[in-house]
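*Asks:* Just one file: target.cif, with mmCIF, N, CA and C atoms.
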```cif
data_input
#
loop_
_atom_site.label_atom_id
_atom_site.label_comp_id
_atom_site.auth_asym_id
_atom_site.auth_seq_id
_atom_site.Cartn_x
_atom_site.Cartn_y
_atom_site.Cartn_z
N MET A 1 0.85 -1.19 0.00
CA MET A 1 0.00 0.00 0.00
C MET A 1 0.89 1.25 0.00
N MET A 2 0.38 2.28 -0.63
CA MET A 2 1.13 3.52 -0.74
C MET A 2 0.85 4.42 0.46
N ASN A 3 1.63 5.48 0.58
CA ASN A 3 1.43 6.50 1.60
C ASN A 3 0.02 7.07 1.46
N THR A 4 -0.71 7.10 2.57
CA THR A 4 -2.11 7.52 2.49
C THR A 4 -2.28 8.98 2.10
N LEU A 5 -1.32 9.83 2.37
CA LEU A 5 -1.44 11.23 1.97
C LEU A 5 -1.32 11.40 0.46
N SER A 6 -0.69 10.45 -0.22
CA SER A 6 -0.62 10.53 -1.68
C SER A 6 -1.97 10.20 -2.32
N LEU A 7 -2.91 9.68 -1.52
CA LEU A 7 -4.26 9.42 -2.03
C LEU A 7 -5.00 10.72 -2.34
N ILE A 8 -4.77 11.76 -1.56
CA ILE A 8 -5.55 13.00 -1.70
C ILE A 8 -5.42 13.62 -3.09
N PRO A 9 -4.21 13.86 -3.61
CA PRO A 9 -4.16 14.47 -4.96
C PRO A 9 -4.76 13.56 -6.04
N LEU A 10 -4.58 12.25 -5.91
CA LEU A 10 -5.18 11.34 -6.88
C LEU A 10 -6.69 11.38 -6.81
N ALA A 11 -7.23 11.43 -5.59
CA ALA A 11 -8.68 11.50 -5.41
C ALA A 11 -9.23 12.82 -5.94
N VAL A 12 -8.50 13.89 -5.77
CA VAL A 12 -8.93 15.20 -6.28
C VAL A 12 -9.01 15.15 -7.80
N ILE A 13 -7.98 14.59 -8.44
CA ILE A 13 -7.98 14.50 -9.90
C ILE A 13 -9.12 13.61 -10.38
N GLN A 14 -9.29 12.47 -9.73
CA GLN A 14 -10.35 11.53 -10.13
C GLN A 14 -11.72 12.15 -9.95
N SER A 15 -11.92 12.86 -8.86
CA SER A 15 -13.21 13.51 -8.61
C SER A 15 -13.45 14.66 -9.59
N ALA A 16 -12.41 15.38 -9.93
CA ALA A 16 -12.54 16.46 -10.92
C ALA A 16 -12.92 15.89 -12.28
N LEU A 17 -12.36 14.74 -12.64
CA LEU A 17 -12.72 14.10 -13.91
C LEU A 17 -14.19 13.67 -13.89
N LEU A 18 -14.65 13.13 -12.77
CA LEU A 18 -16.06 12.74 -12.67
C LEU A 18 -16.98 13.95 -12.81
N ALA A 19 -16.64 15.02 -12.11
CA ALA A 19 -17.48 16.23 -12.17
C ALA A 19 -17.44 16.85 -13.57
N ALA A 20 -16.27 16.86 -14.19
CA ALA A 20 -16.18 17.39 -15.56
C ALA A 20 -17.03 16.54 -16.51
N GLY A 21 -17.02 15.24 -16.31
CA GLY A 21 -17.86 14.37 -17.12
C GLY A 21 -19.34 14.69 -16.95
N GLN A 22 -19.75 14.99 -15.73
CA GLN A 22 -21.15 15.33 -15.47
C GLN A 22 -21.53 16.66 -16.13
N VAL A 23 -20.64 17.64 -16.05
CA VAL A 23 -20.90 18.94 -16.68
C VAL A 23 -21.03 18.75 -18.19
N LEU A 24 -20.09 18.02 -18.78
CA LEU A 24 -20.13 17.79 -20.23
C LEU A 24 -21.37 16.98 -20.62
N LEU A 25 -21.76 16.04 -19.77
CA LEU A 25 -22.96 15.26 -20.05
C LEU A 25 -24.20 16.16 -20.07
N LYS A 26 -24.29 17.07 -19.11
CA LYS A 26 -25.45 17.97 -19.07
C LYS A 26 -25.48 18.86 -20.32
N TYR A 27 -24.32 19.43 -20.68
CA TYR A 27 -24.28 20.24 -21.90
C TYR A 27 -24.63 19.40 -23.13
N GLY A 28 -24.08 18.20 -23.20
CA GLY A 28 -24.35 17.34 -24.35
C GLY A 28 -25.80 16.94 -24.44
N LEU A 29 -26.41 16.58 -23.33
CA LEU A 29 -27.82 16.19 -23.34
C LEU A 29 -28.72 17.36 -23.74
N ASN A 30 -28.34 18.57 -23.35
CA ASN A 30 -29.13 19.74 -23.73
C ASN A 30 -29.08 19.99 -25.24
N ARG A 31 -28.02 19.53 -25.90
CA ARG A 31 -27.89 19.73 -27.35
C ARG A 31 -28.56 18.63 -28.16
N MET A 32 -28.86 17.51 -27.52
CA MET A 32 -29.43 16.38 -28.24
C MET A 32 -30.92 16.60 -28.52
N LEU A 33 -31.37 15.99 -29.59
CA LEU A 33 -32.79 16.01 -29.91
C LEU A 33 -33.54 15.08 -28.95
N PRO A 34 -34.84 15.25 -28.82
CA PRO A 34 -35.61 14.30 -28.00
C PRO A 34 -35.45 12.88 -28.56
N PHE A 35 -35.43 11.90 -27.67
CA PHE A 35 -35.18 10.52 -28.08
C PHE A 35 -36.19 10.04 -29.12
N SER A 36 -35.65 9.44 -30.16
CA SER A 36 -36.47 8.78 -31.18
C SER A 36 -35.55 7.85 -31.96
N MET A 37 -36.13 6.92 -32.65
CA MET A 37 -35.34 5.98 -33.46
C MET A 37 -35.19 6.51 -34.88
N THR A 38 -34.71 7.74 -34.98
CA THR A 38 -34.53 8.37 -36.29
C THR A 38 -33.06 8.66 -36.53
N PHE A 39 -32.72 8.84 -37.79
CA PHE A 39 -31.35 9.19 -38.16
C PHE A 39 -30.95 10.51 -37.52
N ASP A 40 -31.84 11.49 -37.52
CA ASP A 40 -31.51 12.81 -36.96
C ASP A 40 -31.17 12.72 -35.48
N PHE A 41 -31.92 11.90 -34.75
CA PHE A 41 -31.61 11.75 -33.32
C PHE A 41 -30.22 11.17 -33.14
N TRP A 42 -29.92 10.07 -33.82
CA TRP A 42 -28.63 9.41 -33.64
C TRP A 42 -27.49 10.28 -34.14
N LYS A 43 -27.75 11.08 -35.15
CA LYS A 43 -26.74 12.04 -35.59
C LYS A 43 -26.47 13.06 -34.48
N SER A 44 -27.52 13.49 -33.79
CA SER A 44 -27.33 14.45 -32.69
C SER A 44 -26.57 13.83 -31.53
N VAL A 45 -26.61 12.51 -31.40
CA VAL A 45 -25.85 11.82 -30.35
C VAL A 45 -24.38 11.74 -30.74
N PHE A 46 -24.11 11.21 -31.93
CA PHE A 46 -22.73 10.92 -32.32
C PHE A 46 -21.97 12.13 -32.83
N ALA A 47 -22.64 13.21 -33.16
CA ALA A 47 -21.96 14.43 -33.60
C ALA A 47 -21.87 15.44 -32.46
N ASN A 48 -22.02 15.00 -31.26
CA ASN A 48 -22.07 15.85 -30.08
C ASN A 48 -20.72 15.76 -29.36
N TRP A 49 -19.87 16.77 -29.52
CA TRP A 49 -18.53 16.70 -28.94
C TRP A 49 -18.56 16.69 -27.41
N GLN A 50 -19.55 17.35 -26.80
CA GLN A 50 -19.63 17.34 -25.34
C GLN A 50 -19.93 15.93 -24.82
N PHE A 51 -20.77 15.22 -25.54
CA PHE A 51 -21.10 13.86 -25.14
C PHE A 51 -19.87 12.97 -25.25
N ALA A 52 -19.11 13.13 -26.32
CA ALA A 52 -17.87 12.35 -26.49
C ALA A 52 -16.84 12.72 -25.42
N ALA A 53 -16.69 14.00 -25.13
CA ALA A 53 -15.74 14.44 -24.10
C ALA A 53 -16.14 13.92 -22.73
N CYS A 54 -17.43 13.85 -22.49
CA CYS A 54 -17.94 13.28 -21.25
C CYS A 54 -17.42 11.85 -21.10
N GLY A 55 -17.52 11.07 -22.15
CA GLY A 55 -17.04 9.69 -22.12
C GLY A 55 -15.54 9.61 -21.86
N LEU A 56 -14.79 10.54 -22.43
CA LEU A 56 -13.34 10.56 -22.19
C LEU A 56 -13.03 10.86 -20.73
N CYS A 57 -13.76 11.80 -20.15
CA CYS A 57 -13.55 12.13 -18.74
C CYS A 57 -13.89 10.93 -17.85
N TYR A 58 -15.01 10.28 -18.13
CA TYR A 58 -15.39 9.09 -17.36
C TYR A 58 -14.36 7.98 -17.52
N GLY A 59 -13.88 7.80 -18.76
CA GLY A 59 -12.88 6.76 -19.00
C GLY A 59 -11.59 7.03 -18.25
N ALA A 60 -11.09 8.26 -18.32
CA ALA A 60 -9.86 8.62 -17.61
C ALA A 60 -10.07 8.50 -16.09
N GLY A 61 -11.23 8.95 -15.61
CA GLY A 61 -11.53 8.83 -14.18
C GLY A 61 -11.60 7.38 -13.74
N SER A 62 -12.13 6.52 -14.59
CA SER A 62 -12.22 5.09 -14.26
C SER A 62 -10.84 4.44 -14.21
N ILE A 63 -9.99 4.78 -15.15
CA ILE A 63 -8.63 4.23 -15.14
C ILE A 63 -7.88 4.67 -13.90
N LEU A 64 -8.03 5.93 -13.53
CA LEU A 64 -7.40 6.41 -12.29
C LEU A 64 -8.01 5.71 -11.08
N TRP A 65 -9.31 5.47 -11.11
CA TRP A 65 -9.98 4.77 -10.01
C TRP A 65 -9.42 3.35 -9.87
N PHE A 66 -9.15 2.67 -10.99
CA PHE A 66 -8.54 1.34 -10.94
C PHE A 66 -7.22 1.39 -10.17
N TYR A 67 -6.42 2.39 -10.49
CA TYR A 67 -5.13 2.56 -9.81
C TYR A 67 -5.33 2.82 -8.32
N ILE A 68 -6.27 3.70 -8.00
CA ILE A 68 -6.50 4.07 -6.60
C ILE A 68 -6.92 2.86 -5.78
N ILE A 69 -7.90 2.11 -6.27
CA ILE A 69 -8.39 0.99 -5.43
C ILE A 69 -7.40 -0.18 -5.40
N LYS A 70 -6.49 -0.24 -6.35
CA LYS A 70 -5.45 -1.27 -6.29
C LYS A 70 -4.39 -0.94 -5.24
N HIS A 71 -4.10 0.35 -5.07
CA HIS A 71 -2.96 0.75 -4.24
C HIS A 71 -3.32 1.33 -2.87
N PHE A 72 -4.58 1.55 -2.60
CA PHE A 72 -4.99 2.15 -1.32
C PHE A 72 -6.09 1.30 -0.69
N PRO A 73 -6.20 1.36 0.64
CA PRO A 73 -7.29 0.63 1.28
C PRO A 73 -8.65 1.15 0.78
N PHE A 74 -9.54 0.23 0.48
CA PHE A 74 -10.86 0.60 -0.05
C PHE A 74 -11.62 1.47 0.94
N SER A 75 -11.43 1.24 2.23
CA SER A 75 -12.13 2.03 3.25
C SER A 75 -11.70 3.48 3.25
N MET A 76 -10.55 3.77 2.67
CA MET A 76 -10.10 5.16 2.53
C MET A 76 -10.42 5.69 1.13
N ALA A 77 -10.25 4.86 0.15
CA ALA A 77 -10.40 5.31 -1.24
C ALA A 77 -11.85 5.65 -1.57
N TYR A 78 -12.77 4.78 -1.19
CA TYR A 78 -14.15 4.98 -1.62
C TYR A 78 -14.77 6.27 -1.10
N PRO A 79 -14.58 6.63 0.17
CA PRO A 79 -15.15 7.91 0.62
C PRO A 79 -14.59 9.12 -0.12
N MET A 80 -13.41 9.00 -0.70
CA MET A 80 -12.82 10.12 -1.42
C MET A 80 -13.60 10.48 -2.68
N VAL A 81 -14.41 9.54 -3.19
CA VAL A 81 -15.24 9.83 -4.35
C VAL A 81 -16.19 10.99 -4.03
N SER A 82 -16.51 11.17 -2.76
CA SER A 82 -17.42 12.26 -2.38
C SER A 82 -16.84 13.64 -2.68
N LEU A 83 -15.55 13.72 -2.95
CA LEU A 83 -14.98 15.00 -3.37
C LEU A 83 -15.62 15.49 -4.66
N SER A 84 -16.17 14.59 -5.44
CA SER A 84 -16.84 15.01 -6.68
C SER A 84 -18.04 15.90 -6.37
N TYR A 85 -18.64 15.76 -5.18
CA TYR A 85 -19.72 16.66 -4.79
C TYR A 85 -19.22 18.10 -4.66
N VAL A 86 -18.01 18.25 -4.16
CA VAL A 86 -17.42 19.58 -4.02
C VAL A 86 -17.25 20.21 -5.40
N PHE A 87 -16.68 19.45 -6.32
CA PHE A 87 -16.49 19.96 -7.67
C PHE A 87 -17.83 20.20 -8.37
N GLY A 88 -18.80 19.34 -8.07
CA GLY A 88 -20.13 19.53 -8.64
C GLY A 88 -20.77 20.82 -8.19
N MET A 89 -20.58 21.17 -6.93
CA MET A 89 -21.14 22.41 -6.39
C MET A 89 -20.48 23.62 -7.07
N ILE A 90 -19.18 23.54 -7.23
CA ILE A 90 -18.47 24.63 -7.90
C ILE A 90 -18.91 24.74 -9.36
N ALA A 91 -19.06 23.59 -10.02
CA ALA A 91 -19.51 23.58 -11.42
C ALA A 91 -20.91 24.15 -11.56
N ALA A 92 -21.78 23.87 -10.59
CA ALA A 92 -23.15 24.41 -10.63
C ALA A 92 -23.13 25.93 -10.66
N ILE A 93 -22.20 26.51 -9.93
CA ILE A 93 -22.09 27.97 -9.88
C ILE A 93 -21.45 28.51 -11.16
N VAL A 94 -20.30 27.93 -11.53
CA VAL A 94 -19.51 28.46 -12.63
C VAL A 94 -20.18 28.24 -13.99
N PHE A 95 -20.67 27.03 -14.23
CA PHE A 95 -21.18 26.70 -15.56
C PHE A 95 -22.68 26.87 -15.73
N PHE A 96 -23.43 26.68 -14.64
CA PHE A 96 -24.89 26.71 -14.76
C PHE A 96 -25.51 27.88 -14.00
N HIS A 97 -24.68 28.71 -13.39
CA HIS A 97 -25.10 29.94 -12.72
C HIS A 97 -26.21 29.68 -11.69
N GLU A 98 -26.05 28.61 -10.94
CA GLU A 98 -27.02 28.27 -9.91
C GLU A 98 -26.66 28.99 -8.61
N ASP A 99 -27.67 29.26 -7.81
CA ASP A 99 -27.45 29.82 -6.48
C ASP A 99 -27.19 28.67 -5.50
N VAL A 100 -26.18 28.85 -4.66
CA VAL A 100 -25.84 27.82 -3.68
C VAL A 100 -26.00 28.44 -2.29
N SER A 101 -26.83 27.82 -1.49
CA SER A 101 -27.13 28.36 -0.16
C SER A 101 -25.98 28.09 0.82
N LEU A 102 -26.01 28.80 1.91
CA LEU A 102 -25.01 28.62 2.97
C LEU A 102 -25.05 27.19 3.50
N ALA A 103 -26.23 26.62 3.63
CA ALA A 103 -26.36 25.24 4.13
C ALA A 103 -25.62 24.26 3.21
N LYS A 104 -25.69 24.49 1.91
CA LYS A 104 -24.98 23.61 0.97
C LYS A 104 -23.48 23.77 1.11
N TRP A 105 -23.03 25.01 1.34
CA TRP A 105 -21.59 25.22 1.55
C TRP A 105 -21.12 24.55 2.82
N VAL A 106 -21.94 24.58 3.86
CA VAL A 106 -21.59 23.88 5.10
C VAL A 106 -21.47 22.38 4.81
N GLY A 107 -22.38 21.84 4.02
CA GLY A 107 -22.30 20.43 3.64
C GLY A 107 -21.03 20.12 2.89
N VAL A 108 -20.65 20.99 1.97
CA VAL A 108 -19.41 20.79 1.21
C VAL A 108 -18.20 20.83 2.15
N LEU A 109 -18.20 21.76 3.08
CA LEU A 109 -17.11 21.83 4.06
C LEU A 109 -17.02 20.55 4.89
N LEU A 110 -18.16 20.02 5.31
CA LEU A 110 -18.17 18.78 6.07
C LEU A 110 -17.65 17.60 5.24
N ILE A 111 -17.99 17.58 3.96
CA ILE A 111 -17.46 16.53 3.08
C ILE A 111 -15.94 16.63 3.01
N MET A 112 -15.43 17.84 2.82
CA MET A 112 -13.98 18.03 2.73
C MET A 112 -13.29 17.63 4.03
N LEU A 113 -13.88 18.01 5.16
CA LEU A 113 -13.31 17.62 6.46
C LEU A 113 -13.33 16.10 6.63
N GLY A 114 -14.43 15.48 6.23
CA GLY A 114 -14.52 14.03 6.33
C GLY A 114 -13.44 13.34 5.50
N CYS A 115 -13.21 13.82 4.29
CA CYS A 115 -12.17 13.25 3.44
C CYS A 115 -10.80 13.43 4.08
N TYR A 116 -10.58 14.58 4.67
CA TYR A 116 -9.29 14.82 5.34
C TYR A 116 -9.08 13.83 6.47
N PHE A 117 -10.09 13.64 7.30
CA PHE A 117 -9.95 12.73 8.44
C PHE A 117 -9.84 11.28 8.01
N ILE A 118 -10.48 10.90 6.94
CA ILE A 118 -10.38 9.54 6.45
C ILE A 118 -8.98 9.27 5.91
N ALA A 119 -8.40 10.25 5.23
CA ALA A 119 -7.07 10.07 4.65
C ALA A 119 -5.94 10.15 5.67
N LYS A 120 -6.24 10.70 6.82
CA LYS A 120 -5.21 10.87 7.85
C LYS A 120 -4.86 9.59 8.53
#
```
Transcribe the structure of this file into structure tokens.
*Replies:*
Amino acid sequence: MMNTLSLIPLAVIQSALLAAGQVLLKYGLNRMLPFSMTFDFWKSVFANWQFAACGLCYGAGSILWFYIIKHFPFSMAYPMVSLSYVFGMIAAIVFFHEDVSLAKWVGVLLIMLGCYFIAK
């Protein structure tokens, strides 16, 4: 097993990839036509660069996740996935211009503290 403090930067990168995938998925889905078994619908799926980029982010995040769970205790690695909630909250503000309440920020702070204590 590796040094547990080296888990934090890997978990941050993996969580950022997951959150980026979610942002790209939302943008991509907004560009797609309503579901139907037509050529135009499938063209809107496969010609959608955000949808493709979403898959790349998920793929890279999954490969990093393979590395993380191979080299770190699962009881430490799995809770680190919750860091993606932190990135998701930031993405909601930056990309989707959502309002985030103080209570949500307190929740994000508690998630970050929990990850710190788990990795320690």
*Asks:* Given only C-alpha atoms as the basis, pick out the residue of A:Val45, A:Val94, A:Leu56, A:Val100 nearest to A:Met32.
*Replies:*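 Checking each of A:Val45, A:Val94, A:Leu56, A:Val100 against A:Met32, counting only C-alpha atoms, the winner is A:Val45.
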*Asks:* Run DSSP on the backbone and tell me which residues of stretch 27-108 of chain A come out as alpha helix (DSSP H); list them as JSON, numbers by chain.
*Replies:* {"A": [27, 28, 29, 30, 31, 39, 40, 41, 42, 43, 44, 45, 46, 49, 50, 51, 52, 53, 54, 55, 56, 57, 58, 59, 60, 61, 62, 63, 64, 65, 66, 67, 68, 69, 70, 71, 74, 75, 76, 77, 78, 79, 80, 83, 84, 85, 86, 87, 88, 89, 90, 91, 92, 93, 94, 102, 103, 104, 105, 106, 107, 108]}
*Asks:* To one decimal place in Å, what is the distance between atom N of A:Thr4 and atom C of A:Ser75?
*Replies:* 11.6 Å
*Asks:* Restricting the calculation to all atoms listed in the file: of A:Trp65, A:Tyr58, A:Phe96, A:Trp42, which residue gets closest to A:Ala19?
*Replies:* A:Tyr58
*Asks:* In Å to one decimal, how far is atom N of A:Val12 from atom N of A:Phe51?
*Replies:*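 Taking atom N of A:Phe51 and atom N of A:Val12, their separation equals 23.3 Å.
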*Asks:* Once the PyMOL selection byres (((chain A and resi 89 and name CA) around 12) and name CA) has been applied to the shown file, what residues remain in the selection, as an MDAnalysis selection string?
*Replies:* chainID A and resid 16 19:20 22:23 82:88 90:102 104:109 111
*Asks:* Those residues with N, CA and C atoms, as a CSV table (one decimal), keeping the file's coordinate frame please?
*Replies:*
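Result file follows (out01.csv):
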```csv
chain,number,residue,atom,x,y,z
A,16,ALA,N,-12.4,15.4,-9.9
A,16,ALA,CA,-12.5,16.5,-10.9
A,16,ALA,C,-12.9,15.9,-12.3
A,19,ALA,N,-16.6,15.0,-12.1
A,19,ALA,CA,-17.5,16.2,-12.2
A,19,ALA,C,-17.4,16.8,-13.6
A,20,ALA,N,-16.3,16.9,-14.2
A,20,ALA,CA,-16.2,17.4,-15.6
A,20,ALA,C,-17.0,16.5,-16.5
A,22,GLN,N,-19.8,15.0,-15.7
A,22,GLN,CA,-21.2,15.3,-15.5
A,22,GLN,C,-21.5,16.7,-16.1
A,23,VAL,N,-20.6,17.6,-16.0
A,23,VAL,CA,-20.9,18.9,-16.7
A,23,VAL,C,-21.0,18.8,-18.2
A,82,SER,N,-16.5,11.2,-2.8
A,82,SER,CA,-17.4,12.3,-2.4
A,82,SER,C,-16.8,13.6,-2.7
A,83,LEU,N,-15.6,13.7,-3.0
A,83,LEU,CA,-15.0,15.0,-3.4
A,83,LEU,C,-15.6,15.5,-4.7
A,84,SER,N,-16.2,14.6,-5.4
A,84,SER,CA,-16.8,15.0,-6.7
A,84,SER,C,-18.0,15.9,-6.4
A,85,TYR,N,-18.6,15.8,-5.2
A,85,TYR,CA,-19.7,16.7,-4.8
A,85,TYR,C,-19.2,18.1,-4.7
A,86,VAL,N,-18.0,18.2,-4.2
A,86,VAL,CA,-17.4,19.6,-4.0
A,86,VAL,C,-17.2,20.2,-5.4
A,87,PHE,N,-16.7,19.4,-6.3
A,87,PHE,CA,-16.5,20.0,-7.7
A,87,PHE,C,-17.8,20.2,-8.4
A,88,GLY,N,-18.8,19.3,-8.1
A,88,GLY,CA,-20.1,19.5,-8.6
A,88,GLY,C,-20.8,20.8,-8.2
A,90,ILE,N,-19.2,23.5,-7.2
A,90,ILE,CA,-18.5,24.6,-7.9
A,90,ILE,C,-18.9,24.7,-9.4
A,91,ALA,N,-19.1,23.6,-10.0
A,91,ALA,CA,-19.5,23.6,-11.4
A,91,ALA,C,-20.9,24.2,-11.6
A,92,ALA,N,-21.8,23.9,-10.6
A,92,ALA,CA,-23.2,24.4,-10.6
A,92,ALA,C,-23.1,25.9,-10.7
A,93,ILE,N,-22.2,26.5,-9.9
A,93,ILE,CA,-22.1,28.0,-9.9
A,93,ILE,C,-21.4,28.5,-11.2
A,94,VAL,N,-20.3,27.9,-11.5
A,94,VAL,CA,-19.5,28.5,-12.6
A,94,VAL,C,-20.2,28.2,-14.0
A,95,PHE,N,-20.7,27.0,-14.2
A,95,PHE,CA,-21.2,26.7,-15.6
A,95,PHE,C,-22.7,26.9,-15.7
A,96,PHE,N,-23.4,26.7,-14.6
A,96,PHE,CA,-24.9,26.7,-14.8
A,96,PHE,C,-25.5,27.9,-14.0
A,97,HIS,N,-24.7,28.7,-13.4
A,97,HIS,CA,-25.1,29.9,-12.7
A,97,HIS,C,-26.2,29.7,-11.7
A,98,GLU,N,-26.0,28.6,-10.9
A,98,GLU,CA,-27.0,28.3,-9.9
A,98,GLU,C,-26.7,29.0,-8.6
A,99,ASP,N,-27.7,29.3,-7.8
A,99,ASP,CA,-27.4,29.8,-6.5
A,99,ASP,C,-27.2,28.7,-5.5
A,100,VAL,N,-26.2,28.8,-4.7
A,100,VAL,CA,-25.8,27.8,-3.7
A,100,VAL,C,-26.0,28.4,-2.3
A,101,SER,N,-26.8,27.8,-1.5
A,101,SER,CA,-27.1,28.4,-0.2
A,101,SER,C,-26.0,28.1,0.8
A,102,LEU,N,-26.0,28.8,1.9
A,102,LEU,CA,-25.0,28.6,3.0
A,102,LEU,C,-25.0,27.2,3.5
A,104,LYS,N,-25.7,24.5,1.9
A,104,LYS,CA,-25.0,23.6,1.0
A,104,LYS,C,-23.5,23.8,1.1
A,105,TRP,N,-23.0,25.0,1.3
A,105,TRP,CA,-21.6,25.2,1.6
A,105,TRP,C,-21.1,24.6,2.8
A,106,VAL,N,-21.9,24.6,3.9
A,106,VAL,CA,-21.6,23.9,5.1
A,106,VAL,C,-21.5,22.4,4.8
A,107,GLY,N,-22.4,21.8,4.0
A,107,GLY,CA,-22.3,20.4,3.6
A,107,GLY,C,-21.0,20.1,2.9
A,108,VAL,N,-20.6,21.0,2.0
A,108,VAL,CA,-19.4,20.8,1.2
A,108,VAL,C,-18.2,20.8,2.2
A,109,LEU,N,-18.2,21.8,3.1
A,109,LEU,CA,-17.1,21.8,4.1
A,109,LEU,C,-17.0,20.6,4.9
A,111,ILE,N,-18.0,17.6,4.0
A,111,ILE,CA,-17.5,16.5,3.1
A,111,ILE,C,-15.9,16.6,3.0
```
*Asks:* For each of A:Ile69, A:Leu64, A:Ala52, A:Cys115, take the minimum atom-to-atom distance to A:Leu24, counting all atoms listed in the file, then give the residue where this is smallest.
*Replies:*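 Checking each candidate against A:Leu24, we get A:Ala52 as the closest.
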*Asks:* Which is closest to A:Gly61 among A:Ile8, A:Phe117, A:Leu17, A:Met76, if we use all atoms listed in the file?
*Replies:*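 For A:Gly61, the nearest of the candidates is A:Leu17.
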*Asks:* Using atom CA of A:Cys54 and atom C of A:Leu5 as the two end points, give the distance in Å to one decimal.
*Replies:*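 Between atom CA of A:Cys54 and atom C of A:Leu5 the gap is 27.4 Å.
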*Asks:* Within 12 Å of A:Pro73, counting only C-alpha atoms, which residues qualify if same-chain residues fewer than 2 places away don't, as a list of chain:residue names?
*Replies:* A:Met1, A:Met2, A:Asn3, A:Thr4, A:Leu7, A:Tyr67, A:Ile68, A:Ile69, A:Lys70, A:His71, A:Ser75, A:Met76, A:Ala77, A:Tyr78, A:Pro79, A:Met80, A:Ile118, A:Ala119
*Asks:* May I have the residues within 8 Å of A:Lys43 as a PyMOL selection string, using all atoms listed in the file and disregarding those fewer than 5 positions away in the same chain?
*Replies:* chain A and resi 32-33+38+48
*Asks:* Counting all atoms listed in the file, figure out which residue out of A:Phe72, A:Phe35, A:Tyr27, A:Phe66 gets nearest to A:Gln50.
*Replies:*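 Of A:Phe72, A:Phe35, A:Tyr27, A:Phe66, the one nearest A:Gln50, counting all atoms listed in the file, is A:Tyr27.
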*Asks:* For stretch 65-70 of chain A, supply all heavy atoms and report the output as a JSON list (two decimals), in the coordinates of the input.
*Replies:*
```json
[["chain", "number", "residue", "atom", "x", "y", "z"],
["A", 65, "TRP", "N", -9.31, 5.47, -11.11],
["A", 65, "TRP", "CA", -9.98, 4.77, -10.01],
["A", 65, "TRP", "C", -9.42, 3.35, -9.87],
["A", 65, "TRP", "O", -9.21, 2.87, -8.76],
["A", 65, "TRP", "CB", -11.48, 4.74, -10.24],
["A", 65, "TRP", "CG", -12.24, 4.03, -9.17],
["A", 65, "TRP", "CD1", -13.01, 2.92, -9.33],
["A", 65, "TRP", "CD2", -12.32, 4.38, -7.79],
["A", 65, "TRP", "NE1", -13.56, 2.55, -8.12],
["A", 65, "TRP", "CE2", -13.15, 3.43, -7.17],
["A", 65, "TRP", "CE3", -11.77, 5.39, -7.02],
["A", 65, "TRP", "CZ2", -13.44, 3.46, -5.80],
["A", 65, "TRP", "CZ3", -12.05, 5.43, -5.67],
["A", 65, "TRP", "CH2", -12.88, 4.47, -5.07],
["A", 66, "PHE", "N", -9.15, 2.67, -10.99],
["A", 66, "PHE", "CA", -8.54, 1.34, -10.94],
["A", 66, "PHE", "C", -7.22, 1.39, -10.17],
["A", 66, "PHE", "O", -6.95, 0.54, -9.33],
["A", 66, "PHE", "CB", -8.26, 0.78, -12.34],
["A", 66, "PHE", "CG", -9.46, 0.58, -13.21],
["A", 66, "PHE", "CD1", -9.31, 0.49, -14.58],
["A", 66, "PHE", "CD2", -10.75, 0.49, -12.70],
["A", 66, "PHE", "CE1", -10.39, 0.30, -15.42],
["A", 66, "PHE", "CE2", -11.84, 0.30, -13.52],
["A", 66, "PHE", "CZ", -11.66, 0.20, -14.88],
["A", 67, "TYR", "N", -6.42, 2.39, -10.49],
["A", 67, "TYR", "CA", -5.13, 2.56, -9.81],
["A", 67, "TYR", "C", -5.33, 2.82, -8.32],
["A", 67, "TYR", "O", -4.65, 2.23, -7.49],
["A", 67, "TYR", "CB", -4.35, 3.72, -10.46],
["A", 67, "TYR", "CG", -3.03, 3.97, -9.78],
["A", 67, "TYR", "CD1", -1.90, 3.23, -10.13],
["A", 67, "TYR", "CD2", -2.91, 4.93, -8.78],
["A", 67, "TYR", "CE1", -0.69, 3.46, -9.50],
["A", 67, "TYR", "CE2", -1.71, 5.15, -8.15],
["A", 67, "TYR", "CZ", -0.60, 4.41, -8.51],
["A", 67, "TYR", "OH", 0.60, 4.62, -7.88],
["A", 68, "ILE", "N", -6.27, 3.70, -8.00],
["A", 68, "ILE", "CA", -6.50, 4.07, -6.60],
["A", 68, "ILE", "C", -6.92, 2.86, -5.78],
["A", 68, "ILE", "O", -6.35, 2.60, -4.71],
["A", 68, "ILE", "CB", -7.54, 5.20, -6.50],
["A", 68, "ILE", "CG1", -6.95, 6.52, -7.03],
["A", 68, "ILE", "CG2", -8.03, 5.37, -5.07],
["A", 68, "ILE", "CD1", -7.98, 7.64, -7.20],
["A", 69, "ILE", "N", -7.90, 2.11, -6.27],
["A", 69, "ILE", "CA", -8.39, 0.99, -5.43],
["A", 69, "ILE", "C", -7.40, -0.18, -5.40],
["A", 69, "ILE", "O", -7.47, -1.01, -4.50],
["A", 69, "ILE", "CB", -9.81, 0.53, -5.80],
["A", 69, "ILE", "CG1", -9.90, 0.03, -7.23],
["A", 69, "ILE", "CG2", -10.80, 1.64, -5.55],
["A", 69, "ILE", "CD1", -11.26, -0.59, -7.56],
["A", 70, "LYS", "N", -6.49, -0.24, -6.35],
["A", 70, "LYS", "CA", -5.45, -1.27, -6.29],
["A", 70, "LYS", "C", -4.39, -0.94, -5.24],
["A", 70, "LYS", "O", -3.87, -1.83, -4.60],
["A", 70, "LYS", "CB", -4.79, -1.44, -7.66],
["A", 70, "LYS", "CG", -3.70, -2.49, -7.69],
["A", 70, "LYS", "CD", -3.18, -2.70, -9.09],
["A", 70, "LYS", "CE", -1.99, -3.61, -9.13],
["A", 70, "LYS", "NZ", -2.24, -4.97, -8.71]]
```
